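One structure is given here, and the rest of the page talks about it.
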Amino acid sequence: MAASTPEAPELIVDPAEDQVGMAGAPPHPLREFWHYFSQNHGAVAGLVVVLLLIATALLADVISPHPADVQYRDALLAPPAWQEGGSWRFVLGTDATGRDILSRIIHGSRYSLLIGFVVIGLSLVVGVAVGLLAGFFQGWPDTMIMRLMDIILAVPSLLLALVVVAILGPGLFNAVFAVAIVYLPHYVRLTRASALSELGRDYVIGSRVAGAGLLRLMFVTVLPNCLPPLIVQATLGFSSAVLDMAALGFLGMGAQPPTPEWGTMLADAREFILRAWWVVTFPGLAILVTVLSINLMGDGLRDVLDPKLKRS
C-alpha cells in the first residue's frame with residue numbers, strides 16, 4: 001500500500017488582514033487632492049462661494065426676480081426692503097432708472113465669470129505656447145520673446161489695458177482682449193521657467209533618444225509636468241481679471257450701459273453715492289466676495305499642488 005501524502009494546509013485569509021492590505025493601497029488622486037484641500041477651511045469656503053456663483057450665473061433667468069433691463073418708473077432709487085420706504089418687491093432696492101439691483105447683480109455674475117474664463121483661457125493658451133517656444137528655442141528667439149514680455153510687465157497693468165482699449169475702442173470684447181494681453185507675460189515666464197527645469201531630466205532625454213518629435217516633446221512630454229504652477233497662477237489671475245474688468249467698466253472703457261456688468265453698475269451709481277448708498281454698496285460687495293473667494297480657493301490649490309506646502 002502506498003503511503004498517503006499529507007495534504008497542503010488550506011490558506012485562510014483573515015478579512016481584517018485583507019482590509020488592512022487594501023487600506024495600504026495608494027489613495028485615489030482625487031481623494032488625496034480633497035484630503036489636502038479640505039484642510040484649508042478658507043479654501044473650502046471659497047470653493048463653495050465660487051460654485052454658488054457659477055450656479056447663479058447658469059440659472060440667472062430662473063432665480064432673477066425681475067428682468068435685468070426693465071425700468072420701473074414708479075420705484076426710482078427705491079431703498080432696500082428692510083429700510084424705511086423699501087419694498088420686498090425690490091429686495092436690494094433699485095437704481096436711478098428703476099431697475100432692480102438684485103436682478104442686475106444676478107445677471108452680472110454671468111458677465112464677470114465669463115470675462116474671467118475668457119481672459120484667463122486666452123492668456124493661458126497663448127502664454128503656454130509662447131513660453132514653450134522660448135524654453136525650447138534658446139538664443140535670439142528666447143531673447144526677443146522675453147524682452148517683449150519685460151516691456152509689457154514694465155507698464156502698470158491697468159494703464160496698459162486702458163491704452164489698448166483706447167486704441168481699439170471701448171467695448172466688452174476689446175476690454176477682454178486688453179486684459180488678456182496684460183496677463184500674458186505671467187504665463188509665458190512661468191511656462192518657460194518650468195520647461196527649462198524639465199528639459200534636463202531623464203524622462204525628456206529618454207523621449208529624445210526614442211525619437212519623439214518636437215511637438216510631442218513640448219505638449220505631451222514636458223507640458224503636463226509644468227501644469228501645477230500654471231493652474232495656481234490661472235486661479236489667482238482669474239480674480240485679478242474680474243477686478244481689472246470691473247475697473248475698466250467703472251472708467252467707461254469696458255462693458256457699456258445697459259449691460260449689467262458690476263463695474264458698469266458702479267460707474268452709473270457714482271453720482272448717487274451720498275443719497276442712495278445701496279446702488280454702490282451691493283455691486284461693490286459682489287466684486288469683493290467674488291475676488292476674495294477665488295483668491296482663497298487659489299491659496300488652497302497652491303497648498304495642494306506644491307508638495308512642500310502640503311500639510312500632513
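For the C-alpha cells, the naming scheme is as follows: chains receive sequential letters (A, B, ...) according to their order of presentation, residues are indexed from 1 within each chain, and ligands are indexed from 1 in presentation order.
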Could you make a table, as CSV, of the residues of region 215-300 of chain A that have an atom within 9 Å of an atom of region 52-69 of chain A, each with its nearest atom pair and distance in Å to one decimal, counting only C-alpha atoms, in chain and number order?
residue,atom,partner,partner_atom,distance
A:Pro258,CA,A:Asp69,CA,6.9
A:Thr259,CA,A:Asp69,CA,8.1
A:Pro260,CA,A:Ala68,CA,6.9
A:Thr290,CA,A:Leu53,CA,7.9
Nearby residues (only C-alpha atoms) at most 7 Å from Thr94 (chain A), same-chain spacing under 5 positions excluded, as a list in words: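 Near Thr94 (chain A), the qualifying residues are Ala75, Leu76, Leu77, Ala78, Pro79, Arg99, Asp100 and Ile101 of chain A.
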For the selection you just gave me, I'd like the residues written to a file as an mmCIF file, in the first residue's frame, keeping all heavy atoms.
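Everything below was put into selection.cif:
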data_model
loop_
_atom_site.group_PDB
_atom_site.id
_atom_site.type_symbol
_atom_site.label_atom_id
_atom_site.label_comp_id
_atom_site.auth_asym_id
_atom_site.auth_seq_id
_atom_site.Cartn_x
_atom_site.Cartn_y
_atom_site.Cartn_z
ATOM 1 N N ALA A 75 -40.657 103.354 -9.097
ATOM 2 C CA ALA A 75 -39.745 102.985 -7.997
ATOM 3 C C ALA A 75 -38.331 103.423 -8.328
ATOM 4 O O ALA A 75 -37.397 102.621 -8.345
ATOM 5 C CB ALA A 75 -39.810 101.487 -7.735
ATOM 6 N N LEU A 76 -38.134 104.702 -8.572
ATOM 7 C CA LEU A 76 -36.795 105.213 -8.863
ATOM 8 C C LEU A 76 -36.014 105.368 -7.563
ATOM 9 O O LEU A 76 -36.495 105.990 -6.599
ATOM 10 C CB LEU A 76 -36.885 106.561 -9.578
ATOM 11 C CG LEU A 76 -37.648 106.576 -10.912
ATOM 12 C CD1 LEU A 76 -37.657 107.979 -11.500
ATOM 13 C CD2 LEU A 76 -37.059 105.593 -11.889
ATOM 14 N N LEU A 77 -34.817 104.802 -7.520
ATOM 15 C CA LEU A 77 -33.958 104.837 -6.336
ATOM 16 C C LEU A 77 -34.709 104.360 -5.088
ATOM 17 O O LEU A 77 -34.569 104.931 -4.000
ATOM 18 C CB LEU A 77 -33.394 106.240 -6.107
ATOM 19 C CG LEU A 77 -32.327 106.723 -7.098
ATOM 20 C CD1 LEU A 77 -31.898 108.141 -6.783
ATOM 21 C CD2 LEU A 77 -31.124 105.795 -7.079
ATOM 22 N N ALA A 78 -35.481 103.304 -5.233
ATOM 23 C CA ALA A 78 -36.178 102.722 -4.087
ATOM 24 C C ALA A 78 -35.156 102.066 -3.164
ATOM 25 O O ALA A 78 -34.262 101.362 -3.622
ATOM 26 C CB ALA A 78 -37.199 101.696 -4.565
ATOM 27 N N PRO A 79 -35.267 102.278 -1.849
ATOM 28 C CA PRO A 79 -34.295 101.699 -0.913
ATOM 29 C C PRO A 79 -34.517 100.196 -0.747
ATOM 30 O O PRO A 79 -35.530 99.648 -1.191
ATOM 31 C CB PRO A 79 -34.584 102.447 0.390
ATOM 32 C CG PRO A 79 -36.005 102.853 0.281
ATOM 33 C CD PRO A 79 -36.259 103.122 -1.171
ATOM 34 N N ARG A 99 -34.340 100.174 -12.200
ATOM 35 C CA ARG A 99 -34.014 98.762 -12.456
ATOM 36 C C ARG A 99 -33.647 98.067 -11.150
ATOM 37 O O ARG A 99 -32.957 98.641 -10.309
ATOM 38 C CB ARG A 99 -32.855 98.657 -13.457
ATOM 39 C CG ARG A 99 -33.205 99.200 -14.835
ATOM 40 C CD ARG A 99 -31.985 99.262 -15.739
ATOM 41 N NE ARG A 99 -30.979 100.186 -15.244
ATOM 42 C CZ ARG A 99 -29.910 100.566 -15.926
ATOM 43 N NH1 ARG A 99 -29.711 100.113 -17.161
ATOM 44 N NH2 ARG A 99 -29.032 101.401 -15.399
ATOM 45 N N ASP A 100 -34.107 96.830 -10.999
ATOM 46 C CA ASP A 100 -33.891 96.070 -9.774
ATOM 47 C C ASP A 100 -32.416 95.723 -9.634
ATOM 48 O O ASP A 100 -31.818 95.071 -10.508
ATOM 49 C CB ASP A 100 -34.736 94.804 -9.807
ATOM 50 C CG ASP A 100 -34.577 93.977 -8.548
ATOM 51 O OD1 ASP A 100 -34.590 94.563 -7.458
ATOM 52 O OD2 ASP A 100 -34.400 92.751 -8.661
ATOM 53 N N ILE A 101 -31.801 96.116 -8.517
ATOM 54 C CA ILE A 101 -30.368 95.904 -8.309
ATOM 55 C C ILE A 101 -30.056 94.428 -8.135
ATOM 56 O O ILE A 101 -29.055 93.920 -8.671
ATOM 57 C CB ILE A 101 -29.887 96.724 -7.102
ATOM 58 C CG1 ILE A 101 -29.960 98.220 -7.424
ATOM 59 C CG2 ILE A 101 -28.458 96.338 -6.720
ATOM 60 C CD1 ILE A 101 -29.545 99.121 -6.289
#
List the spatial neighbours of Ser197 (chain A) as a short mmCIF file (atom, residue, chain, number, x, y, z; two decimals) with N, CA and C atoms, in the first residue's frame - criterion: any atom at most 12 Å away, only C-alpha atoms, same-chain residues fewer than 2 positions off excluded.
data_model
loop_
_atom_site.label_atom_id
_atom_site.label_comp_id
_atom_site.auth_asym_id
_atom_site.auth_seq_id
_atom_site.Cartn_x
_atom_site.Cartn_y
_atom_site.Cartn_z
N LEU A 132 6.64 77.82 -24.14
CA LEU A 132 7.32 76.60 -24.58
C LEU A 132 8.28 76.89 -25.73
N GLY A 135 11.32 78.33 -24.19
CA GLY A 135 12.11 77.36 -23.45
C GLY A 135 12.85 76.39 -24.34
N PHE A 136 12.25 76.02 -25.49
CA PHE A 136 12.87 75.03 -26.36
C PHE A 136 13.85 75.65 -27.35
N LEU A 190 6.35 81.88 -16.60
CA LEU A 190 6.19 80.69 -15.76
C LEU A 190 6.37 79.41 -16.57
N THR A 191 5.80 79.39 -17.78
CA THR A 191 5.95 78.20 -18.63
C THR A 191 7.40 78.02 -19.05
N ARG A 192 8.07 79.09 -19.42
CA ARG A 192 9.47 78.99 -19.84
C ARG A 192 10.33 78.47 -18.70
N ALA A 193 10.15 79.01 -17.49
CA ALA A 193 10.96 78.57 -16.36
C ALA A 193 10.70 77.09 -16.04
N SER A 194 9.44 76.68 -16.08
CA SER A 194 9.12 75.27 -15.80
C SER A 194 9.69 74.35 -16.88
N ALA A 195 9.60 74.78 -18.15
CA ALA A 195 10.12 73.96 -19.25
C ALA A 195 11.64 73.82 -19.15
N LEU A 199 13.74 70.19 -19.02
CA LEU A 199 14.45 69.72 -20.21
C LEU A 199 15.66 68.84 -19.88
N GLY A 200 16.27 69.05 -18.73
CA GLY A 200 17.44 68.26 -18.38
C GLY A 200 17.14 66.97 -17.65
N ARG A 201 15.89 66.64 -17.45
CA ARG A 201 15.53 65.43 -16.70
C ARG A 201 15.63 64.20 -17.59
N ASP A 202 15.74 63.05 -16.92
CA ASP A 202 15.99 61.80 -17.64
C ASP A 202 14.84 61.42 -18.57
N VAL A 204 12.87 63.30 -20.28
CA VAL A 204 12.91 64.09 -21.51
C VAL A 204 14.03 63.59 -22.41
N VAL A 222 6.68 67.42 -21.85
CA VAL A 222 7.08 68.46 -20.90
C VAL A 222 5.89 69.21 -20.30
N LEU A 223 4.94 69.58 -21.12
CA LEU A 223 3.85 70.44 -20.64
C LEU A 223 3.08 69.86 -19.45
N ASN A 225 3.99 68.26 -16.94
CA ASN A 225 4.74 68.46 -15.71
C ASN A 225 4.91 69.93 -15.36
N CYS A 226 4.47 70.83 -16.24
CA CYS A 226 4.50 72.26 -15.96
C CYS A 226 3.15 72.80 -15.51
#
Gap from CA of Trp262 (chain A) to CA of Tyr72 (chain A) - Å, one decimal: 20.0 Å
Option closest in space to Leu288 (chain A), from A:Leu305, A:Met149, A:Met253, A:Val242 [counting only C-alpha atoms]: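 Between A:Leu305, A:Met149, A:Met253, A:Val242, the residue approaching Leu288 (chain A) most closely is A:Val242.
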12 Å contact set for Phe272 (chain A), only C-alpha atoms, chain neighbours under 4 positions out, as a PyMOL selection string: chain A and resi 76-77+94-97+265-268+276-281
Need the shell around Phe117 (chain A): protein/DNA/RNA residues with any atom at most 10 Å away, counting only C-alpha atoms. Skip same-chain ones fewer than 6 positions apart. Format as an mmCIF file with all heavy atoms, in the first residue's frame?
data_model
loop_
_atom_site.group_PDB
_atom_site.id
_atom_site.type_symbol
_atom_site.label_atom_id
_atom_site.label_comp_id
_atom_site.auth_asym_id
_atom_site.auth_seq_id
_atom_site.Cartn_x
_atom_site.Cartn_y
_atom_site.Cartn_z
ATOM 1 N N TYR A 111 -21.579 87.877 -16.693
ATOM 2 C CA TYR A 111 -20.538 88.627 -17.397
ATOM 3 C C TYR A 111 -19.201 88.527 -16.668
ATOM 4 O O TYR A 111 -18.160 88.335 -17.305
ATOM 5 C CB TYR A 111 -20.960 90.095 -17.522
ATOM 6 C CG TYR A 111 -22.088 90.310 -18.495
ATOM 7 C CD1 TYR A 111 -23.405 90.326 -18.063
ATOM 8 C CD2 TYR A 111 -21.847 90.478 -19.848
ATOM 9 C CE1 TYR A 111 -24.447 90.516 -18.952
ATOM 10 C CE2 TYR A 111 -22.878 90.674 -20.756
ATOM 11 C CZ TYR A 111 -24.177 90.683 -20.299
ATOM 12 O OH TYR A 111 -25.214 90.869 -21.187
ATOM 13 N N ALA A 234 -3.344 80.612 -12.854
ATOM 14 C CA ALA A 234 -4.598 80.879 -13.555
ATOM 15 C C ALA A 234 -5.726 81.158 -12.572
ATOM 16 O O ALA A 234 -6.562 82.051 -12.801
ATOM 17 C CB ALA A 234 -4.959 79.701 -14.460
ATOM 18 N N THR A 235 -5.766 80.422 -11.467
ATOM 19 C CA THR A 235 -6.817 80.643 -10.474
ATOM 20 C C THR A 235 -6.690 82.011 -9.824
ATOM 21 O O THR A 235 -7.682 82.743 -9.684
ATOM 22 C CB THR A 235 -6.752 79.549 -9.393
ATOM 23 O OG1 THR A 235 -6.820 78.271 -10.017
ATOM 24 C CG2 THR A 235 -7.906 79.680 -8.429
ATOM 25 N N PHE A 238 -7.544 84.738 -12.282
ATOM 26 C CA PHE A 238 -8.975 84.869 -12.555
ATOM 27 C C PHE A 238 -9.575 86.014 -11.744
ATOM 28 O O PHE A 238 -10.321 86.842 -12.269
ATOM 29 C CB PHE A 238 -9.673 83.547 -12.225
ATOM 30 C CG PHE A 238 -11.093 83.457 -12.683
ATOM 31 C CD1 PHE A 238 -11.415 82.767 -13.831
ATOM 32 C CD2 PHE A 238 -12.106 84.067 -11.970
ATOM 33 C CE1 PHE A 238 -12.729 82.687 -14.264
ATOM 34 C CE2 PHE A 238 -13.415 84.000 -12.379
ATOM 35 C CZ PHE A 238 -13.732 83.298 -13.532
ATOM 36 N N ALA A 241 -8.403 89.315 -13.063
ATOM 37 C CA ALA A 241 -9.073 89.655 -14.317
ATOM 38 C C ALA A 241 -10.461 90.223 -14.057
ATOM 39 O O ALA A 241 -10.878 91.210 -14.689
ATOM 40 C CB ALA A 241 -9.155 88.425 -15.222
ATOM 41 N N VAL A 242 -11.203 89.614 -13.122
ATOM 42 C CA VAL A 242 -12.527 90.132 -12.765
ATOM 43 C C VAL A 242 -12.406 91.550 -12.216
ATOM 44 O O VAL A 242 -13.195 92.440 -12.554
ATOM 45 C CB VAL A 242 -13.203 89.196 -11.740
ATOM 46 C CG1 VAL A 242 -14.491 89.816 -11.204
ATOM 47 C CG2 VAL A 242 -13.505 87.847 -12.375
#
Which of A:Arg31, A:Leu172, A:Asp244, A:Tyr187 sits closest to Pro156 (chain A) [using only C-alpha atoms]: A:Asp244
Neighbour list for region 292-294 of chain A as a ChimeraX atom specification, cut-off 9 Å, only C-alpha atoms, skip fewer than 2 positions in-chain: /A:42-43,45-50,235-236,238-239,287-290,296-299
Keeping only N, CA and C atoms, take the residues you just selected and write them out as a JSON list (two decimals), in the first residue's frame.
[["chain", "number", "residue", "atom", "x", "y", "z"],
["A", 42, "GLY", "N", -10.52, 78.04, 4.66],
["A", 42, "GLY", "CA", -10.80, 79.21, 3.82],
["A", 42, "GLY", "C", -10.95, 78.84, 2.36],
["A", 43, "ALA", "N", -10.11, 77.89, 1.90],
["A", 43, "ALA", "CA", -10.22, 77.44, 0.51],
["A", 43, "ALA", "C", -11.53, 76.72, 0.25],
["A", 45, "ALA", "N", -14.37, 77.26, 1.88],
["A", 45, "ALA", "CA", -15.39, 78.30, 1.85],
["A", 45, "ALA", "C", -15.38, 79.04, 0.51],
["A", 46, "GLY", "N", -14.17, 79.34, 0.02],
["A", 46, "GLY", "CA", -14.07, 80.00, -1.28],
["A", 46, "GLY", "C", -14.63, 79.14, -2.40],
["A", 47, "LEU", "N", -14.35, 77.84, -2.35],
["A", 47, "LEU", "CA", -14.88, 76.92, -3.36],
["A", 47, "LEU", "C", -16.40, 76.89, -3.34],
["A", 48, "VAL", "N", -16.99, 76.87, -2.14],
["A", 48, "VAL", "CA", -18.45, 76.85, -2.02],
["A", 48, "VAL", "C", -19.05, 78.11, -2.64],
["A", 49, "VAL", "N", -18.45, 79.27, -2.34],
["A", 49, "VAL", "CA", -18.97, 80.53, -2.88],
["A", 49, "VAL", "C", -18.82, 80.56, -4.40],
["A", 50, "VAL", "N", -17.69, 80.07, -4.92],
["A", 50, "VAL", "CA", -17.50, 80.06, -6.37],
["A", 50, "VAL", "C", -18.52, 79.14, -7.04],
["A", 235, "THR", "N", -5.77, 80.42, -11.47],
["A", 235, "THR", "CA", -6.82, 80.64, -10.47],
["A", 235, "THR", "C", -6.69, 82.01, -9.82],
["A", 236, "LEU", "N", -5.48, 82.37, -9.44],
["A", 236, "LEU", "CA", -5.27, 83.68, -8.85],
["A", 236, "LEU", "C", -5.45, 84.80, -9.88],
["A", 238, "PHE", "N", -7.54, 84.74, -12.28],
["A", 238, "PHE", "CA", -8.98, 84.87, -12.56],
["A", 238, "PHE", "C", -9.58, 86.01, -11.74],
["A", 239, "SER", "N", -9.25, 86.05, -10.46],
["A", 239, "SER", "CA", -9.80, 87.12, -9.61],
["A", 239, "SER", "C", -9.26, 88.48, -10.04],
["A", 287, "ILE", "N", -18.38, 92.25, -6.16],
["A", 287, "ILE", "CA", -16.99, 92.16, -6.64],
["A", 287, "ILE", "C", -16.07, 91.68, -5.53],
["A", 288, "LEU", "N", -16.24, 92.24, -4.33],
["A", 288, "LEU", "CA", -15.39, 91.88, -3.19],
["A", 288, "LEU", "C", -15.51, 90.40, -2.85],
["A", 289, "VAL", "N", -16.72, 89.89, -2.75],
["A", 289, "VAL", "CA", -16.92, 88.49, -2.37],
["A", 289, "VAL", "C", -16.37, 87.56, -3.44],
["A", 290, "THR", "N", -16.59, 87.91, -4.71],
["A", 290, "THR", "CA", -16.10, 87.06, -5.80],
["A", 290, "THR", "C", -14.58, 86.99, -5.81],
["A", 296, "LEU", "N", -9.06, 82.80, -2.11],
["A", 296, "LEU", "CA", -8.99, 81.76, -1.09],
["A", 296, "LEU", "C", -8.89, 80.38, -1.72],
["A", 297, "MET", "N", -9.66, 80.16, -2.78],
["A", 297, "MET", "CA", -9.60, 78.87, -3.46],
["A", 297, "MET", "C", -8.23, 78.67, -4.12],
["A", 298, "GLY", "N", -7.69, 79.72, -4.70],
["A", 298, "GLY", "CA", -6.35, 79.62, -5.29],
["A", 298, "GLY", "C", -5.28, 79.34, -4.26],
["A", 299, "ASP", "N", -5.45, 79.89, -3.05],
["A", 299, "ASP", "CA", -4.50, 79.61, -1.98],
["A", 299, "ASP", "C", -4.53, 78.13, -1.60]]
Residue with smallest distance to His41 (chain A) - pool A:Gly213, A:Val70, A:Met245, A:Gly300, counting only C-alpha atoms: A:Gly300
In region 23-202 of chain A, DSSP alpha helix (DSSP H) residues written as a VMD selection string: chain A and resid 23 29 to 37 41 to 58 60 to 63 101 to 136 140 to 154 157 to 168 172 to 199 202
CA of Gly116 (chain A) to CA of Val291 (chain A), distance in Å rounded to a single decimal: 10.7 Å
Interatomic distance, CA of Asp142 (chain A) to CA of Val130 (chain A) (Å, one decimal):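 Atom-to-atom, CA of Asp142 (chain A) to CA of Val130 (chain A), that is 9.5 Å.
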Counting only C-alpha atoms, the residue of A:Leu248, A:Val179, A:Met218, A:Val304 that sits nearest Pro29 (chain A):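 Of A:Leu248, A:Val179, A:Met218, A:Val304, the one nearest Pro29 (chain A) is A:Val304, counting only C-alpha atoms.
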